[in-house]
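Visitor: structure-v6.pdb (PDB, C-alpha atoms, pLDDT in the B column) pasted underneath:
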```pdb
ATOM      1  CA  MET A   1      85.753 100.389  88.596  1.00 33.00           C
ATOM      2  CA  GLN A   2      88.475 103.017  88.458  1.00 42.00           C
ATOM      3  CA  PRO A   3      88.774 105.182  91.565  1.00 50.00           C
ATOM      4  CA  SER A   4      87.983 108.870  91.605  1.00 74.00           C
ATOM      5  CA  TRP A   5      91.534 110.117  91.652  1.00 67.00           C
ATOM      6  CA  ASN A   6      90.721 113.389  93.382  1.00 62.00           C
ATOM      7  CA  GLN A   7      88.866 111.453  96.053  1.00 66.00           C
ATOM      8  CA  ARG A   8      91.746 109.045  96.519  1.00 63.00           C
ATOM      9  CA  TYR A   9      94.346 111.788  96.688  1.00 63.00           C
ATOM     10  CA  GLU A  10      92.293 113.758  99.198  1.00 69.00           C
ATOM     11  CA  GLU A  11      92.949 110.989 101.716  1.00 63.00           C
ATOM     12  CA  ASP A  12      95.506 111.693 104.436  1.00 69.00           C
ATOM     13  CA  GLY A  13      99.088 110.991 103.497  1.00 67.00           C
ATOM     14  CA  TYR A  14     100.296 109.757 100.128  1.00 73.00           C
ATOM     15  CA  ALA A  15      98.262 106.923  98.646  1.00 65.00           C
ATOM     16  CA  TYR A  16     101.266 105.298  96.930  1.00 66.00           C
ATOM     17  CA  GLY A  17     103.943 106.603  99.263  1.00 64.00           C
ATOM     18  CA  THR A  18     106.599 109.221  98.653  1.00 79.00           C
ATOM     19  CA  GLN A  19     109.369 106.947  97.375  1.00 90.00           C
ATOM     20  CA  PRO A  20     109.816 106.264  93.659  1.00 93.00           C
ATOM     21  CA  ASN A  21     108.791 103.121  91.868  1.00 94.00           C
ATOM     22  CA  ASP A  22     111.548 100.487  92.129  1.00 94.00           C
ATOM     23  CA  PHE A  23     111.849  99.902  88.383  1.00 97.00           C
ATOM     24  CA  LEU A  24     112.132 103.627  87.746  1.00 97.00           C
ATOM     25  CA  ARG A  25     114.793 103.907  90.441  1.00 96.00           C
ATOM     26  CA  GLU A  26     116.782 101.087  88.841  1.00 97.00           C
ATOM     27  CA  GLN A  27     116.590 102.547  85.330  1.00 98.00           C
ATOM     28  CA  ALA A  28     116.795 106.285  86.035  1.00 97.00           C
ATOM     29  CA  HIS A  29     120.460 106.403  85.004  1.00 97.00           C
ATOM     30  CA  ARG A  30     119.347 105.837  81.411  1.00 97.00           C
ATOM     31  CA  LEU A  31     117.142 108.932  81.251  1.00 97.00           C
ATOM     32  CA  GLN A  32     117.940 112.327  79.818  1.00 95.00           C
ATOM     33  CA  GLY A  33     115.761 115.353  80.220  1.00 92.00           C
ATOM     34  CA  PRO A  34     113.495 116.954  79.824  1.00 98.00           C
ATOM     35  CA  VAL A  35     111.278 114.181  81.185  1.00 98.00           C
ATOM     36  CA  LEU A  36     107.508 113.912  80.883  1.00 98.00           C
ATOM     37  CA  SER A  37     105.896 111.777  83.601  1.00 97.00           C
ATOM     38  CA  LEU A  38     102.400 110.586  82.669  1.00 97.00           C
ATOM     39  CA  ALA A  39      99.729 110.071  85.342  1.00 92.00           C
ATOM     40  CA  GLU A  40     102.121 111.599  87.863  1.00 93.00           C
ATOM     41  CA  GLY A  41      99.616 111.594  90.719  1.00 89.00           C
ATOM     42  CA  GLU A  42     101.106 112.767  93.999  1.00 89.00           C
ATOM     43  CA  GLY A  43     104.598 113.285  92.659  1.00 91.00           C
ATOM     44  CA  ARG A  44     106.747 110.496  94.036  1.00 92.00           C
ATOM     45  CA  ASN A  45     108.310 109.619  90.680  1.00 96.00           C
ATOM     46  CA  GLY A  46     108.684 113.090  89.216  1.00 96.00           C
ATOM     47  CA  VAL A  47     110.181 114.444  92.428  1.00 96.00           C
ATOM     48  CA  PHE A  48     112.688 111.590  92.480  1.00 97.00           C
ATOM     49  CA  LEU A  49     113.766 112.351  88.902  1.00 98.00           C
ATOM     50  CA  ALA A  50     113.976 116.073  89.637  1.00 97.00           C
ATOM     51  CA  GLY A  51     116.266 115.167  92.532  1.00 96.00           C
ATOM     52  CA  LYS A  52     118.548 113.559  89.935  1.00 96.00           C
ATOM     53  CA  GLY A  53     118.911 116.945  88.264  1.00 96.00           C
ATOM     54  CA  LEU A  54     116.444 116.309  85.449  1.00 98.00           C
ATOM     55  CA  ALA A  55     113.885 118.841  84.259  1.00 97.00           C
ATOM     56  CA  VAL A  56     110.548 117.088  84.844  1.00 97.00           C
ATOM     57  CA  THR A  57     106.954 117.823  83.876  1.00 97.00           C
ATOM     58  CA  GLY A  58     104.312 115.758  85.635  1.00 95.00           C
ATOM     59  CA  ILE A  59     100.911 115.538  83.983  1.00 96.00           C
ATOM     60  CA  ASP A  60      97.755 114.179  85.603  1.00 93.00           C
ATOM     61  CA  SER A  61      93.996 114.666  85.496  1.00 89.00           C
ATOM     62  CA  SER A  62      93.892 115.209  89.280  1.00 89.00           C
ATOM     63  CA  ASP A  63      94.552 118.725  90.516  1.00 90.00           C
ATOM     64  CA  VAL A  64      94.495 117.355  94.068  1.00 90.00           C
ATOM     65  CA  GLY A  65      97.258 114.872  93.304  1.00 89.00           C
ATOM     66  CA  LEU A  66      99.412 117.461  91.588  1.00 92.00           C
ATOM     67  CA  ARG A  67      98.965 119.897  94.457  1.00 92.00           C
ATOM     68  CA  LYS A  68     100.445 117.231  96.723  1.00 90.00           C
ATOM     69  CA  ALA A  69     103.184 116.638  94.132  1.00 93.00           C
ATOM     70  CA  ARG A  70     104.187 120.295  94.296  1.00 95.00           C
ATOM     71  CA  ALA A  71     104.194 120.133  98.090  1.00 93.00           C
ATOM     72  CA  LEU A  72     106.469 117.088  97.980  1.00 93.00           C
ATOM     73  CA  ALA A  73     108.794 118.824  95.527  1.00 95.00           C
ATOM     74  CA  HIS A  74     108.947 121.873  97.809  1.00 96.00           C
ATOM     75  CA  ALA A  75     109.728 119.673 100.812  1.00 95.00           C
ATOM     76  CA  ARG A  76     112.545 117.970  98.882  1.00 95.00           C
ATOM     77  CA  GLY A  77     113.913 121.253  97.547  1.00 96.00           C
ATOM     78  CA  VAL A  78     113.438 120.443  93.864  1.00 96.00           C
ATOM     79  CA  SER A  79     111.518 121.946  90.969  1.00 96.00           C
ATOM     80  CA  LEU A  80     108.639 120.043  89.365  1.00 96.00           C
ATOM     81  CA  GLU A  81     106.443 121.475  86.637  1.00 96.00           C
ATOM     82  CA  THR A  82     102.871 120.181  86.789  1.00 95.00           C
ATOM     83  CA  VAL A  83     100.083 120.165  84.212  1.00 94.00           C
ATOM     84  CA  VAL A  84      96.462 119.251  84.940  1.00 92.00           C
ATOM     85  CA  ALA A  85      95.114 117.694  81.749  1.00 92.00           C
ATOM     86  CA  ASP A  86      93.116 114.851  80.249  1.00 89.00           C
ATOM     87  CA  LEU A  87      95.658 112.525  78.665  1.00 90.00           C
ATOM     88  CA  GLY A  88      93.038 111.435  76.179  1.00 88.00           C
ATOM     89  CA  HIS A  89      93.275 114.755  74.371  1.00 87.00           C
ATOM     90  CA  HIS A  90      96.270 116.727  75.626  1.00 92.00           C
ATOM     91  CA  ASP A  91      98.893 117.702  73.051  1.00 93.00           C
ATOM     92  CA  LEU A  92     102.231 116.350  74.263  1.00 95.00           C
ATOM     93  CA  GLY A  93     104.201 118.254  71.648  1.00 95.00           C
ATOM     94  CA  GLN A  94     106.644 117.216  68.928  1.00 96.00           C
ATOM     95  CA  ALA A  95     110.198 115.961  69.589  1.00 96.00           C
ATOM     96  CA  ARG A  96     110.089 117.736  72.929  1.00 97.00           C
ATOM     97  CA  TYR A  97     111.239 115.220  75.566  1.00 98.00           C
ATOM     98  CA  GLY A  98     114.325 113.132  76.186  1.00 98.00           C
ATOM     99  CA  ALA A  99     112.200 110.603  78.064  1.00 98.00           C
ATOM    100  CA  VAL A 100     108.554 109.822  78.690  1.00 98.00           C
ATOM    101  CA  VAL A 101     107.809 107.837  81.858  1.00 98.00           C
ATOM    102  CA  ALA A 102     104.587 105.976  82.648  1.00 97.00           C
ATOM    103  CA  ILE A 103     104.365 104.227  86.026  1.00 96.00           C
ATOM    104  CA  TYR A 104     101.081 102.382  86.634  1.00 93.00           C
ATOM    105  CA  ALA A 105      99.258 104.549  84.104  1.00 93.00           C
ATOM    106  CA  HIS A 106      96.311 102.314  83.260  1.00 93.00           C
ATOM    107  CA  PHE A 107      93.861 103.248  80.513  1.00 92.00           C
ATOM    108  CA  PRO A 108      91.581 101.315  78.136  1.00 94.00           C
ATOM    109  CA  ARG A 109      93.369  99.790  75.160  1.00 95.00           C
ATOM    110  CA  GLU A 110      91.893 102.127  72.551  1.00 94.00           C
ATOM    111  CA  PHE A 111      92.674 105.170  74.702  1.00 94.00           C
ATOM    112  CA  ARG A 112      96.212 103.866  75.183  1.00 95.00           C
ATOM    113  CA  ARG A 113      96.811 103.441  71.449  1.00 96.00           C
ATOM    114  CA  GLY A 114      96.112 107.117  70.893  1.00 95.00           C
ATOM    115  CA  LEU A 115      98.210 108.142  73.879  1.00 96.00           C
ATOM    116  CA  HIS A 116     101.133 106.038  72.730  1.00 97.00           C
ATOM    117  CA  ALA A 117     100.967 107.581  69.268  1.00 96.00           C
ATOM    118  CA  ARG A 118     101.373 110.993  70.912  1.00 97.00           C
ATOM    119  CA  VAL A 119     104.184 109.665  73.114  1.00 97.00           C
ATOM    120  CA  ARG A 120     106.068 108.559  69.984  1.00 97.00           C
ATOM    121  CA  GLU A 121     105.725 112.056  68.564  1.00 97.00           C
ATOM    122  CA  ALA A 122     106.637 113.790  71.832  1.00 97.00           C
ATOM    123  CA  LEU A 123     109.952 111.980  72.197  1.00 98.00           C
ATOM    124  CA  ARG A 124     113.081 113.394  70.637  1.00 97.00           C
ATOM    125  CA  PRO A 125     115.043 111.103  68.312  1.00 97.00           C
ATOM    126  CA  GLY A 126     116.943 108.708  70.560  1.00 97.00           C
ATOM    127  CA  GLY A 127     114.618 109.446  73.491  1.00 98.00           C
ATOM    128  CA  LEU A 128     113.418 106.734  75.855  1.00 98.00           C
ATOM    129  CA  HIS A 129     109.989 105.468  76.811  1.00 98.00           C
ATOM    130  CA  LEU A 130     110.010 103.835  80.273  1.00 98.00           C
ATOM    131  CA  LEU A 131     106.970 102.039  81.629  1.00 98.00           C
ATOM    132  CA  GLU A 132     105.928  99.706  84.384  1.00 97.00           C
ATOM    133  CA  ALA A 133     102.313  98.601  84.616  1.00 96.00           C
ATOM    134  CA  TYR A 134     100.169  95.707  85.732  1.00 94.00           C
ATOM    135  CA  THR A 135      99.481  92.907  83.259  1.00 97.00           C
ATOM    136  CA  PRO A 136      96.060  91.242  82.941  1.00 96.00           C
ATOM    137  CA  ALA A 137      97.262  88.482  85.287  1.00 95.00           C
ATOM    138  CA  GLN A 138      97.214  91.067  88.093  1.00 93.00           C
ATOM    139  CA  THR A 139      93.412  91.184  88.021  1.00 93.00           C
ATOM    140  CA  GLU A 140      93.426  87.834  89.861  1.00 92.00           C
ATOM    141  CA  ARG A 141      95.597  89.201  92.668  1.00 90.00           C
ATOM    142  CA  PRO A 142      94.446  91.168  95.736  1.00 87.00           C
ATOM    143  CA  THR A 143      97.593  93.320  95.735  1.00 85.00           C
ATOM    144  CA  GLY A 144      96.484  96.401  93.815  1.00 81.00           C
ATOM    145  CA  GLY A 145      95.769  97.595  90.322  1.00 84.00           C
ATOM    146  CA  PRO A 146      92.696  97.622  88.089  1.00 89.00           C
ATOM    147  CA  ARG A 147      90.157  94.811  88.037  1.00 91.00           C
ATOM    148  CA  ASP A 148      89.454  95.214  84.323  1.00 94.00           C
ATOM    149  CA  PRO A 149      91.984  93.392  82.083  1.00 95.00           C
ATOM    150  CA  ASP A 150      91.445  96.011  79.347  1.00 96.00           C
ATOM    151  CA  LEU A 151      93.132  98.568  81.610  1.00 95.00           C
ATOM    152  CA  CYS A 152      96.214  96.392  81.983  1.00 96.00           C
ATOM    153  CA  ILE A 153      99.184  96.265  79.616  1.00 97.00           C
ATOM    154  CA  THR A 154     100.978  93.401  77.906  1.00 97.00           C
ATOM    155  CA  LEU A 155     104.423  93.295  76.363  1.00 98.00           C
ATOM    156  CA  ASP A 156     102.895  92.358  73.016  1.00 98.00           C
ATOM    157  CA  SER A 157     100.685  95.451  73.034  1.00 98.00           C
ATOM    158  CA  LEU A 158     103.693  97.668  73.724  1.00 98.00           C
ATOM    159  CA  ARG A 159     105.572  96.112  70.819  1.00 98.00           C
ATOM    160  CA  GLU A 160     102.546  96.811  68.614  1.00 98.00           C
ATOM    161  CA  ASP A 161     102.346 100.437  69.746  1.00 98.00           C
ATOM    162  CA  PHE A 162     106.093 101.137  69.363  1.00 98.00           C
ATOM    163  CA  PRO A 163     107.023  98.906  66.413  1.00 97.00           C
ATOM    164  CA  ASP A 164     110.120 100.832  65.331  1.00 96.00           C
ATOM    165  CA  PHE A 165     111.554 101.417  68.816  1.00 98.00           C
ATOM    166  CA  GLU A 166     114.675  99.589  70.019  1.00 97.00           C
ATOM    167  CA  VAL A 167     113.555  97.547  73.016  1.00 98.00           C
ATOM    168  CA  LEU A 168     116.215  97.720  75.725  1.00 98.00           C
ATOM    169  CA  ILE A 169     114.077  96.012  78.379  1.00 98.00           C
ATOM    170  CA  GLY A 170     110.863  94.195  77.584  1.00 98.00           C
ATOM    171  CA  ARG A 171     109.570  91.607  80.040  1.00 98.00           C
ATOM    172  CA  GLU A 172     106.561  90.416  81.981  1.00 97.00           C
ATOM    173  CA  VAL A 173     107.532  89.391  85.515  1.00 96.00           C
ATOM    174  CA  GLU A 174     106.212  88.760  88.978  1.00 94.00           C
ATOM    175  CA  ARG A 175     107.746  90.896  91.697  1.00 90.00           C
ATOM    176  CA  PRO A 176     106.815  92.308  95.107  1.00 83.00           C
ATOM    177  CA  VAL A 177     105.446  95.844  94.786  1.00 80.00           C
ATOM    178  CA  ILE A 178     105.169  97.710  98.092  1.00 72.00           C
ATOM    179  CA  GLU A 179     104.133 101.286  97.341  1.00 76.00           C
ATOM    180  CA  GLY A 180     101.832 102.942  99.836  1.00 62.00           C
ATOM    181  CA  ARG A 181      98.425 101.632 100.803  1.00 64.00           C
ATOM    182  CA  TYR A 182      97.243 100.447  97.396  1.00 60.00           C
ATOM    183  CA  HIS A 183     100.203  98.478  95.980  1.00 68.00           C
ATOM    184  CA  THR A 184     100.955  95.854  98.580  1.00 75.00           C
ATOM    185  CA  GLY A 185     102.435  92.501  97.613  1.00 79.00           C
ATOM    186  CA  LEU A 186     103.394  90.125  94.862  1.00 88.00           C
ATOM    187  CA  ALA A 187     102.353  91.585  91.521  1.00 88.00           C
ATOM    188  CA  SER A 188     102.295  90.708  87.821  1.00 94.00           C
ATOM    189  CA  VAL A 189     103.882  93.553  85.880  1.00 96.00           C
ATOM    190  CA  VAL A 190     105.290  94.491  82.512  1.00 97.00           C
ATOM    191  CA  GLN A 191     108.569  96.406  82.464  1.00 98.00           C
ATOM    192  CA  TRP A 192     109.646  98.304  79.384  1.00 98.00           C
ATOM    193  CA  VAL A 193     112.408 100.640  78.258  1.00 98.00           C
ATOM    194  CA  ALA A 194     112.559 101.420  74.553  1.00 98.00           C
ATOM    195  CA  ARG A 195     114.428 103.958  72.440  1.00 98.00           C
ATOM    196  CA  LYS A 196     112.967 106.016  69.631  1.00 98.00           C
ATOM    197  CA  PRO A 197     114.991 105.731  66.428  1.00 97.00           C
ATOM    198  CA  ALA A 198     117.595 108.418  65.898  1.00 91.00           C
ATOM    199  CA  ALA A 199     116.866 110.973  63.200  1.00 74.00           C
ATOM    200  CA  GLY A 200     117.886 110.064  59.692  1.00 47.00           C
TER     201      GLY A 200
END
```
Could I get this file's structure written as structure tokens?
Guide:
Amino acid sequence: MQPSWNQRYEEDGYAYGTQPNDFLREQAHRLQGPVLSLAEGEGRNGVFLAGKGLAVTGIDSSDVGLRKARALAHARGVSLETVVADLGHHDLGQARYGAVVAIYAHFPREFRRGLHARVREALRPGGLHLLEAYTPAQTERPTGGPRDPDLCITLDSLREDFPDFEVLIGREVERPVIEGRYHTGLASVVQWVARKPAAG
């Protein structure tokens, strides 16, 4: 069962910490703004990117999480735009972003297909899609993530959803993920950076 995100984010402190995801930190040099961060939650990733001088919009269904994201941005002295919206229906725009980031944004496969179609449209030509998420193998681990394999992401499914993108990084790996109270140990993840074709 997926958590109630407002309920989770109402807990004291930051559920997944205040430091960025390791894969995002490693690959941030590739990104150009403006950046759209999907399922931004409490702001750790968007605030990090804003600290790199990028214009960042964080979108999430949880107003509680995004309130904490704005507080974190204020504390770090950076600007973060936030949008409370249902990613199942929200219009992400056309050729609007230099990068779209999704860190542990887990949705059912059919939902994700529609979202990824809108991500393709929202990226500018040459823009990057960066993602890290749990694979179905993670459901056997007690170290965080969804219990339902349908909410997890495989490399093959990403290739299906972005068939014309140039894959710069595409791999399924095991790595330690230590991010707050809910990501705590060896994990099975997919890591992905792919470029939208240039215009023409």
Visitor: Running the PyMOL selection byres ((chain A and resi 170) around 9) on this model by hand, what would come out? Give it as a short mmCIF file (atom, residue, chain, number, x, y, z; two decimals) with C-alpha atoms, keeping the file's coordinate frame.
Guide:
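After the write, out12.cif holds the following:
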```cif
data_model
loop_
_atom_site.label_atom_id
_atom_site.label_comp_id
_atom_site.auth_asym_id
_atom_site.auth_seq_id
_atom_site.Cartn_x
_atom_site.Cartn_y
_atom_site.Cartn_z
CA LEU A 155 104.42 93.30 76.36
CA LEU A 158 103.69 97.67 73.72
CA ARG A 159 105.57 96.11 70.82
CA VAL A 167 113.56 97.55 73.02
CA LEU A 168 116.22 97.72 75.72
CA ILE A 169 114.08 96.01 78.38
CA ARG A 171 109.57 91.61 80.04
CA GLU A 172 106.56 90.42 81.98
CA VAL A 190 105.29 94.49 82.51
CA GLN A 191 108.57 96.41 82.46
CA TRP A 192 109.65 98.30 79.38
CA VAL A 193 112.41 100.64 78.26
CA ALA A 194 112.56 101.42 74.55
#
```
Visitor: I would like the residues chosen by the PyMOL selection byres ((chain A and resi 120) around 9) on the shown file; could you give them as a ChimeraX atom specification?
Guide: /A:94-95,115-119,121-124,129,161-162,196
Visitor: Determine the residue membership of the PyMOL selection byres ((chain A and resi 22-30) around 9) for the file above and supply it as an NGL selection string.
Guide: :A and (19-21 or 31-32 or 45 or 48-49 or 52 or 101 or 103 or 128 or 130-132 or 177 or 191 or 193)
Visitor: Find, counting all atoms listed in the file, the residue in A:Asp86, A:Asp63, A:Asp150, A:Glu140 that gets nearest to Leu38 of chain A.
Guide: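 The shortest atom-to-atom distance to Leu38 of chain A comes from A:Asp86.
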Visitor: Please identify all polymer residues lying at most 7 Å from the point (90.0, 91.8, 83.3) (file coordinates), using only C-alpha atoms, and present the result as a list in words.
Guide: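 The answer, in the requested form, is Pro136, Thr139, Arg147, Asp148, Pro149 and Asp150 of chain A.
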Visitor: Please write out, as lines of an AutoDock Vina configuration file, where the centre of an axis-aligned box around all listed atoms of segment 134-151 of chain A lies and how long its edges are, in Å to one decimal, after adding 8 Å on each side.
Guide:
```
center_x = 94.8
center_y = 93.2
center_z = 87.5
size_x = 26.7
size_y = 26.7
size_z = 32.4
```
Visitor: For Ser4 of chain A, which of A:Pro142, A:Gly65, A:Ala55, A:Val47 is the closest residue, counting only C-alpha atoms?
Guide: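 For Ser4 of chain A, the nearest of the candidates is A:Gly65.
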Visitor: State, in Å with one decimal place, the distance from atom CA of Thr82 of chain A to atom CA of Leu66 of chain A.
Guide: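 About the pair atom CA of Thr82 of chain A and atom CA of Leu66 of chain A: they are 6.5 Å apart.
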Visitor: Using only C-alpha atoms, which protein or nucleic acid residues come within 7 Å of Val35 of chain A? Drop anything in the same chain fewer than 4 positions from it, and give the result as a PyMOL selection string.
Guide: chain A and resi 55-57+97-100
Visitor: Between A:Arg44, A:Arg112, A:His90, A:His106, which is the closest to Val78 of chain A once you count all atoms listed in the file?
Guide: A:Arg44
Visitor: Tell me, in Å to one decimal, how far atom CA of Gly185 of chain A is from atom CA of Arg141 of chain A.
Guide: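 Value for the atom CA of Gly185 of chain A-atom CA of Arg141 of chain A distance: 9.1 Å.
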Visitor: What gap, in Å, lies between atom CA of Leu87 of chain A and atom CA of Ala198 of chain A?
Guide: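 It comes out at 25.7 Å.
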Visitor: Could you pull the residues within 10 Å of Leu72 of chain A, counting only C-alpha atoms, minus those fewer than 2 positions along the same chain, as a ChimeraX atom specification?
Guide: /A:14,18,42-44,46-48,66-70,74-80
Visitor: Of the candidates A:Ser37, A:Thr135, A:Thr143, A:Thr154, which one gets nearest to Ser188 of chain A if we count all atoms listed in the file?
Guide: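 Distance minimum relative to Ser188 of chain A lands on A:Thr135.
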Visitor: Using only C-alpha atoms, pick whichever of A:Arg195, A:Val64, A:Thr184, A:Gly58 has the shortest atom-to-atom distance to Gly126 of chain A.
Guide: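 Of all the options, A:Arg195 lies closest to Gly126 of chain A.
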